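Q: Below is the file protein_24.tsv, with TSV, C-alpha atoms.
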chain	number	residue	atom	x	y	z
A	905	MET	CA	-40.21	-4.76	-24.78
A	906	LYS	CA	-37.49	-7.41	-24.36
A	907	LYS	CA	-35.02	-5.33	-26.39
A	908	THR	CA	-35.66	-2.23	-24.29
A	909	PHE	CA	-35.23	-4.19	-21.07
A	910	SER	CA	-32.01	-5.84	-22.34
A	911	PHE	CA	-30.65	-2.50	-23.49
A	912	THR	CA	-31.43	-0.93	-20.11
A	913	ILE	CA	-29.67	-3.77	-18.27
A	914	LEU	CA	-26.65	-3.47	-20.56
A	915	LEU	CA	-26.46	0.29	-20.09
A	916	LEU	CA	-26.72	-0.01	-16.30
A	917	SER	CA	-24.00	-2.65	-16.17
A	918	ILE	CA	-21.69	-0.48	-18.26
A	919	LEU	CA	-22.33	2.56	-16.08
A	920	THR	CA	-21.79	0.69	-12.83
A	921	SER	CA	-18.59	-0.94	-14.10
A	922	CYS	CA	-17.03	2.40	-15.01
A	923	GLU	CA	-14.90	3.58	-12.14
A	924	LYS	CA	-13.69	7.13	-12.09
A	925	LYS	CA	-9.93	7.17	-12.32
A	926	VAL	CA	-8.33	9.28	-9.62
A	927	GLU	CA	-5.54	11.43	-10.94
A	928	ILE	CA	-2.41	11.98	-8.88
A	929	PRO	CA	-1.60	15.71	-8.89
A	930	ILE	CA	1.31	16.72	-11.16
A	931	LYS	CA	3.45	18.16	-8.36
A	932	SER	CA	3.10	15.05	-6.20
A	933	LYS	CA	6.13	13.08	-5.18
A	934	MET	CA	6.65	9.74	-3.55
A	935	VAL	CA	7.43	9.89	0.17
A	936	ALA	CA	7.20	6.28	1.36
A	937	ARG	CA	6.74	2.64	0.57
A	938	TYR	CA	5.15	0.41	3.17
A	939	ILE	CA	5.12	-3.33	3.34
A	940	VAL	CA	2.06	-4.43	5.27
A	941	PHE	CA	0.48	-7.76	6.02
A	942	GLU	CA	-2.62	-8.40	3.94
A	943	ASP	CA	-6.03	-8.25	5.59
A	944	SER	CA	-6.34	-12.00	6.24
A	945	ILE	CA	-3.18	-11.90	8.37
A	946	SER	CA	-3.46	-8.36	9.80
A	947	SER	CA	-6.97	-8.93	11.13
A	948	LYS	CA	-5.64	-11.90	13.13
A	949	LEU	CA	-2.56	-10.05	14.41
A	950	ILE	CA	-4.29	-6.84	15.54
A	951	GLU	CA	-5.42	-7.27	19.12
A	952	ASP	CA	-8.35	-4.83	19.14
A	953	LEU	CA	-9.91	-4.38	15.71
A	954	LYS	CA	-12.60	-2.05	17.09
A	955	ASN	CA	-10.02	0.63	17.91
A	956	VAL	CA	-8.22	0.57	14.57
A	957	LYS	CA	-8.55	3.90	12.76
A	958	GLU	CA	-8.30	4.98	9.15
A	959	PHE	CA	-4.79	5.65	7.81
A	960	ASP	CA	-3.32	8.93	9.11
A	961	ASN	CA	-0.60	10.34	6.84
A	962	LYS	CA	0.27	13.01	9.39
A	963	TYR	CA	1.27	10.46	12.05
A	964	GLU	CA	5.03	10.81	12.62
A	965	GLY	CA	5.87	7.96	15.01
A	966	ASP	CA	5.64	4.21	14.55
A	967	LYS	CA	2.72	3.75	12.20
A	968	PRO	CA	-0.14	1.96	13.95
A	969	PRO	CA	-2.32	-0.58	12.15
A	970	PHE	CA	-5.01	1.02	10.00
A	971	LYS	CA	-8.13	0.17	8.08
A	972	LEU	CA	-9.09	1.16	4.58
A	973	ASP	CA	-12.17	0.07	2.63
A	974	GLY	CA	-13.10	-2.27	5.48
A	975	LYS	CA	-9.76	-4.08	5.39
A	976	TYR	CA	-7.08	-4.06	8.08
A	977	TYR	CA	-3.36	-3.56	7.55
A	978	LYS	CA	-0.49	-3.98	10.00
A	979	PHE	CA	2.93	-2.59	9.09
A	980	GLU	CA	5.92	-4.84	8.72
A	981	ARG	CA	8.33	-2.37	7.13
A	982	GLU	CA	8.51	1.32	6.21
A	983	TYR	CA	10.80	2.92	3.66
A	984	ARG	CA	10.67	6.70	4.00
A	985	LEU	CA	12.21	9.11	1.53
A	986	ASP	CA	13.80	12.49	2.11
A	987	SER	CA	12.78	15.64	0.20
A	988	GLU	CA	15.19	14.74	-2.61
A	989	GLY	CA	13.60	11.32	-3.09
A	990	PHE	CA	16.40	9.29	-1.55
A	991	LEU	CA	15.99	6.65	1.11
A	992	LYS	CA	16.03	8.29	4.52
A	993	VAL	CA	14.69	5.72	6.98
A	994	VAL	CA	14.07	2.00	6.92
A	995	LYS	CA	11.96	0.96	9.84
A	996	GLU	CA	11.19	-2.65	10.64
A	997	HIS	CA	8.32	-3.49	12.93
A	998	ASN	CA	9.53	-6.54	14.78
A	999	TYR	CA	6.77	-8.64	16.24
A	1000	TYR	CA	7.81	-11.14	18.83
A	1001	SER	CA	4.25	-11.93	19.87
A	1002	PHE	CA	3.61	-14.31	16.99
A	1003	ASP	CA	5.34	-16.93	14.91
A	1004	TYR	CA	5.34	-16.06	11.19
A	1005	ALA	CA	5.04	-19.76	10.29
A	1006	ASP	CA	1.68	-19.90	12.11
A	1007	TYR	CA	0.31	-17.64	9.35
A	1008	GLY	CA	1.99	-19.46	6.48
A	1009	ILE	CA	4.57	-16.73	5.87
A	1010	LYS	CA	8.29	-16.37	6.32
A	1011	LYS	CA	10.05	-13.54	8.09
A	1012	ASP	CA	11.62	-11.43	5.37
A	1013	PRO	CA	14.79	-9.75	6.69
A	1014	ILE	CA	16.36	-6.79	4.90
A	1015	LYS	CA	19.40	-7.92	2.97
A	1016	ASP	CA	22.40	-5.63	2.45
A	1017	ARG	CA	21.10	-2.92	4.77
A	1018	GLU	CA	24.36	-0.93	4.40
A	1019	THR	CA	24.04	-0.60	0.61
A	1020	LEU	CA	20.24	-0.51	0.32
A	1021	GLY	CA	20.11	3.29	0.02
A	1022	GLN	CA	22.52	3.29	-2.91
A	1023	ARG	CA	20.18	1.35	-5.18
A	1024	PHE	CA	16.81	2.38	-3.73
A	1025	SER	CA	14.74	4.61	-5.96
A	1026	LEU	CA	11.06	5.33	-6.00
A	1027	LYS	CA	9.13	7.67	-8.29
A	1028	LEU	CA	5.98	8.12	-10.32
A	1029	SER	CA	6.14	7.63	-14.07
A	1030	ASN	CA	5.64	10.69	-16.28
A	1031	SER	CA	2.10	9.55	-17.08
A	1032	ARG	CA	1.33	9.15	-13.36
A	1033	GLU	CA	-0.18	5.73	-14.11
A	1034	LYS	CA	2.75	3.67	-12.83
A	1035	ILE	CA	5.28	3.62	-10.04
A	1036	ILE	CA	8.93	2.91	-10.70
A	1037	ASP	CA	10.24	1.06	-7.67
A	1038	CYS	CA	13.94	0.16	-7.81
A	1039	GLY	CA	13.74	-0.58	-11.53
A	1040	ASP	CA	10.38	-2.39	-11.39
A	1041	THR	CA	7.54	-0.63	-13.20
A	1042	LEU	CA	4.28	-1.26	-11.34
A	1043	GLU	CA	0.82	-0.41	-12.65
A	1044	ILE	CA	-1.34	1.60	-10.27
A	1045	GLU	CA	-4.50	-0.23	-9.29
A	1046	LYS	CA	-6.18	2.21	-6.89
A	1047	VAL	CA	-5.47	5.66	-5.48
A	1048	TYR	CA	-6.82	6.93	-2.18
A	1049	PRO	CA	-6.52	10.73	-2.49
A	1050	LYS	CA	-7.62	11.54	1.08
A	1051	GLU	CA	-4.99	9.23	2.58
A	1052	LYS	CA	-2.54	9.85	-0.29
A	1053	LEU	CA	-2.00	6.12	-0.68
A	1054	ILE	CA	-1.46	4.11	-3.85
A	1055	PHE	CA	-2.08	0.40	-4.28
A	1056	VAL	CA	-0.41	-1.26	-7.26
A	1057	LYS	CA	-1.28	-4.42	-9.13
A	1058	GLN	CA	0.91	-7.10	-7.64
A	1059	ASP	CA	1.33	-10.80	-7.74
A	1060	ARG	CA	2.86	-11.27	-4.31
A	1061	LYS	CA	1.69	-14.42	-2.68
A	1062	ASP	CA	3.64	-14.11	0.55
A	1063	GLY	CA	0.95	-12.50	2.73
A	1064	ARG	CA	2.25	-8.97	2.15
A	1065	ILE	CA	1.18	-5.92	0.15
A	1066	ASN	CA	3.26	-2.95	-0.99
A	1067	ILE	CA	1.52	0.37	-0.43
A	1068	TYR	CA	2.96	3.69	-1.59
A	1069	GLU	CA	2.41	7.14	-0.12
A	1070	TYR	CA	2.68	10.39	-2.02
A	1071	GLN	CA	2.61	14.01	-0.99
Take the structure in the file and write it out as structure tokens.
A:
Amino acid sequence: MKKTFSFTILLLSILTSCEKKVEIPIKSKMVARYIVFEDSISSKLIEDLKNVKEFDNKYEGDKPPFKLDGKYYKFEREYRLDSEGFLKVVKEHNYYSFDYADYGIKKDPIKDRETLGQRFSLKLSNSREKIIDCGDTLEIEKVYPKEKLIFVKQDRKDGRINIYEYQ
């Protein structure tokens, strides 16, 4: 009886720990990289959390804050690519309503804005399991197919998260 119970518990734990891996379609291409404030900061910066909607990849203007899996994200910077995969637009969301130091982070200005496009590259690896971002190879942690967003494993400890969008 104990062996059957232990086996059942083991089997259930294995089944619940298995997460279905979401495949990124073969013809997909990278269209943007976003730098957002992590949830602990974003949820303090967003004035009205009740009105924050899920991410909308069809939104063309300044990207509003969004929520995903119960977490909130506020944009700091957007890097958008053209149809050829080259840097098209760099958009900084400047917030004058708060002091970065109050949240334990530093303002991170874009260095060498004039030459940024020359060395900026962003693509999926051939296996579609990693993102190659300006020479850095980043392992994909989670894919949100409805929103077409990719989260990568990262060790940033500056209050920010890189999120990638594909099409």
Q: For the interface of region 980-1037 of chain A with region 1043-1049 of chain A (cut-off 9 Å, counting only C-alpha atoms), please tabulate each contacting residue of region 980-1037 of chain A alongside its nearest pair of atoms and their separation in Å to one decimal, rows sorted by chain and increasing number, as JSON lines.
A:
{"residue": "A:Arg1032", "atom": "CA", "partner": "A:Ile1044", "partner_atom": "CA", "distance": 8.6}
{"residue": "A:Glu1033", "atom": "CA", "partner": "A:Ile1044", "partner_atom": "CA", "distance": 5.8}
{"residue": "A:Lys1034", "atom": "CA", "partner": "A:Glu1043", "partner_atom": "CA", "distance": 4.5}
{"residue": "A:Ile1035", "atom": "CA", "partner": "A:Glu1043", "partner_atom": "CA", "distance": 6.6}
{"residue": "A:Ile1036", "atom": "CA", "partner": "A:Glu1043", "partner_atom": "CA", "distance": 9.0}
Q: Write out the residues from the selection above, keeping C-alpha atoms, as an mmCIF file, in the frame of the given file.
A:
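Now in out07.cif:
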data_model
loop_
_atom_site.group_PDB
_atom_site.id
_atom_site.type_symbol
_atom_site.label_atom_id
_atom_site.label_comp_id
_atom_site.auth_asym_id
_atom_site.auth_seq_id
_atom_site.Cartn_x
_atom_site.Cartn_y
_atom_site.Cartn_z
ATOM 1 C CA ARG A 1032 1.330 9.150 -13.360
ATOM 2 C CA GLU A 1033 -0.180 5.730 -14.110
ATOM 3 C CA LYS A 1034 2.750 3.670 -12.830
ATOM 4 C CA ILE A 1035 5.280 3.620 -10.040
ATOM 5 C CA ILE A 1036 8.930 2.910 -10.700
#
Q: Kindly indicate which residue among A:Asp1006, A:Asp966, A:Glu951, A:Asp1037 lies nearest to Ile1067 (chain A), using only C-alpha atoms for the distances.
A: A:Asp1037
Q: Can you tell me, as a short mmCIF file (atom, residue, chain, number, x, y, z; two decimals) with C-alpha atoms, keeping the file's coordinate frame, what residues are no more than 10 Å from Leu972 (chain A) when counting all atoms listed in the file, ignoring any on the same chain fewer than 5 positions away?
A:
data_model
loop_
_atom_site.label_atom_id
_atom_site.label_comp_id
_atom_site.auth_asym_id
_atom_site.auth_seq_id
_atom_site.Cartn_x
_atom_site.Cartn_y
_atom_site.Cartn_z
CA ASP A 943 -6.03 -8.25 5.59
CA LYS A 957 -8.55 3.90 12.76
CA GLU A 958 -8.30 4.98 9.15
CA PHE A 959 -4.79 5.65 7.81
CA TYR A 977 -3.36 -3.56 7.55
CA TYR A 1048 -6.82 6.93 -2.18
CA GLU A 1051 -4.99 9.23 2.58
#
Q: I want to know what sits within 9 Å of Val935 (chain A), based on all atoms listed in the file, with residues of the same chain fewer than 3 positions away left out; could you give that as a PyMOL selection string?
A: chain A and resi 983-987+989+1026-1027+1068-1071
Q: So, with all atoms listed in the file as the atoms that count, which of A:Glu996, A:Glu927, A:Asp1040, A:Glu942 lies closest to Tyr976 (chain A)?
A: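 When distances to Tyr976 (chain A) are compared using all atoms listed in the file, the smallest one comes from A:Glu942.
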Q: For the atom pair CA of Asn1066 (chain A) and CA of Ile939 (chain A), what is the interatomic distance in Å to one decimal place?
A: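 We find that CA of Asn1066 (chain A) and CA of Ile939 (chain A) lie 4.7 Å from each other.
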Q: Between A:Asp1003, A:Asp1059, A:Lys995, A:Lys975, which is the closest to Ser944 (chain A) once you count only C-alpha atoms?
A: A:Lys975
Q: So, counting all atoms listed in the file, which residue among A:Glu980, A:Val940, A:Val993, A:Gly974 is closest to Val956 (chain A)?
A: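 Counting all atoms listed in the file, the residue closest to Val956 (chain A) is A:Gly974.
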Q: Just give me the gap between CA of Lys992 (chain A) and CA of Tyr963 (chain A) in Å, one decimal is fine.
A: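 Going from CA of Lys992 (chain A) over to CA of Tyr963 (chain A), I get 16.7 Å.
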Q: One decimal, in Å: what's the spacing between CA of Arg981 (chain A) and CA of Leu953 (chain A)?
A: 20.3 Å
Q: Give me the box for region 941-946 of chain A as AutoDock Vina command-line options, namely the centre and edge lengths in Å to one decimal of a box along x, y and z that holds every listed atom plus 6 Å on each side.
A:
--center_x -2.9 --center_y -9.9 --center_z 6.9 --size_x 18.8 --size_y 16.2 --size_z 17.9
Q: For Ser932 (chain A), which residue among A:Pro968, A:Asn1030, A:Phe979, A:Leu1042 is the nearest when counting all atoms listed in the file?
A: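 For Ser932 (chain A), the nearest of the given residues is A:Asn1030.
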Q: Taking only C-alpha atoms into account, name the residue in A:Met934, A:Ile928, A:Ile950, A:Ile1009 that is nearest to Arg1060 (chain A).
A: A:Ile1009
